[in-house]
Amino acid sequence: MPTSSGTVVGEEAGHASSTRPPLASRLGVLLFSIGVMLAIYTGWQNRTTSLMTAESGAGYALGILGSVLMLVLLLYPLRKRARFMRNLGPIKYWFRTHMILGVVGPVCVLFHASFQWGSLNSNVALVCMLLVAGSGLIGRYIYTRIHFGLYGSKASLPVLTQHAMETWEQLAASTDLPPELTQRLQRLEQAALIPLRGLLHGAARAAGFGIAVPWHELRARLALRRHLQHGAAAVLDRQRKKQLYRHTRRYVSDYIATIRKIAVLGFYERLFALWHVLHMPLFLMMLITGIVHVVFVHMY
Ligand code: HEM
């Protein structure tokens with residue numbers, strides 16, 4: 001309930017830690033992705049007119065650079081496991097570097113290949129590399145579903161449930177919630193808590209929540225707006241109403257995001273385990289075919 005002075009209870013306590021990455025980080029990813037897509041597009045458009053060759057000059061250097069970058073990115077799994085690397089900086093920086101090099105390295109190799117097919121051994125190496133990089137991107141997506149962001153700790157059901165409860169308490173303390181909103185959030189929570197029956201059920205749930213969540217968010221915001229216009233908070237001045245709306249909306253979004261994570265956690269955990277099983281052989285295939293390619297081109 002808003003107090004008579006319109007102070008938002010819980011505001012002083014600070015906002016609950018959000019499961020979304022910070023804006024600067026999302027902006028960085030967006031700019032990086034745009035840069036990479038532009039580079040690929042330009043390379044693809046000029047593939048027939050490019051003067052670059054894989055055998056010499058800049059084309060050759062890009063092949064070496066791409067390969068070296070892909071070797072350097074292996075320092076991340078090493079940093080995760082090797083005891084002697086334990087003190088070499090926070091793991092999140094290694095992980096970020098891994099992902100950046102995992103994209104930049106293959107892009108260098110695409111330029112090395114002039115975006116065209118070549119001999120059989122180079123084609124096999126190229127396909128394996130693209131499969132590994134593609135698999136990495138899929139792994140990144142699954143990873144964010146079972147962690148708090150890309151660089152946060154591993155999510156677990158007890159931690160998520162605790163977070164949802166705390167967010168709910170802060171939400172309920174910030175203003176009197178319209179019954180429509182409370183019922184909507186309760187229904188969502190009940191759907192999230194139904195035990196999963198296998199991978200297919202998990203996939204259906206992930207897709208269902210993916211579609212339903214933006215809709216629920218929209219309806220929740222509309223209900224909140226209506227409530228602030230006509231409910232108990234209607235007596236507050238415009239500025240306070242705006243502040244209260246923004247504050248409560250953030251808690252609602254955070255609550256819904258947490259409920260969504262709870263709903264699909266088990267599914268994505270199993271998927272990530274399967275992904276690991278697939279990623280490693282793909283990586284080994286890439287390594288072997290890459291070595292074969294380098295040996296062949298220098299022998300014949
Ligand atoms: C050719 C490029 C790449 C290679 C050779 C490669 C190789 C590897 C290897 C060897 C692992 C360790 C697996 C393990 O710990 O069991 C790994 C993990 C991972 N990679 Fe890559 N990767 C590449 C590109 C990418 C890209 C482009 C991304 C995402 C943008 C990515 C995301 C990940 C993720 C999320 C993990 C799992 C991290 C974890 O469990 O701690 N990788 N990669």
# chains A, B, ... in the order shown; residues from 1 in each chain; ligands from 1
$ closest_atom_pairs --of "chain A" --to "ligand 1" --cutoff "7 Å" --atoms "only C-alpha atoms and all ligand atoms" --output "tab-separated table"
residue	atom	partner	partner_atom_place_in_ligand_line	distance
A:Met70	CA	ligand 1	5 (C)	5.6
A:Leu73	CA	ligand 1	4 (C)	6.9
A:Leu74	CA	ligand 1	10 (C)	5.8
A:Pro77	CA	ligand 1	12 (C)	5.0
A:His98	CA	ligand 1	42 (N)	6.4
A:Met99	CA	ligand 1	30 (C)	4.2
A:Ile100	CA	ligand 1	30 (C)	6.6
A:Gly102	CA	ligand 1	24 (C)	3.6
A:Val103	CA	ligand 1	27 (C)	4.5
A:Gly105	CA	ligand 1	1 (C)	6.7
A:Pro106	CA	ligand 1	1 (C)	6.0
A:Met129	CA	ligand 1	1 (C)	5.4
A:Val132	CA	ligand 1	1 (C)	5.3
A:Ala133	CA	ligand 1	24 (C)	4.3
A:Gly134	CA	ligand 1	27 (C)	6.6
A:Gly136	CA	ligand 1	31 (C)	3.5
A:Leu137	CA	ligand 1	29 (C)	4.0
A:Gly139	CA	ligand 1	35 (C)	4.5
A:Arg140	CA	ligand 1	35 (C)	3.8
A:Tyr143	CA	ligand 1	35 (C)	5.6
A:His276	CA	ligand 1	16 (O)	5.7
A:His279	CA	ligand 1	13 (C)	6.8
A:Met280	CA	ligand 1	13 (C)	6.1
A:Phe283	CA	ligand 1	5 (C)	5.6
$ residues_around --residues "Arg47 in chain A" --least-positions-apart "6" --cutoff "9 Å" --atoms "only C-alpha atoms" --output "ChimeraX atom specification"
/A:111,114-116
$ residues_around --residues "Ile259 in chain A" --least-positions-apart "5" --cutoff "10 Å" --atoms "only C-alpha atoms" --output "VMD selection string"
chain A and resid 160 to 161 163 to 164 185 188 to 193 209 213 253 to 254 264 to 265
$ residues_around --residues "Cys108 in chain A" --least-positions-apart "6" --cutoff "12 Å" --atoms "only C-alpha atoms" --output "ChimeraX atom specification"
/A:36,39-40,43,54,58-70,101-102,114-115,126,129-130
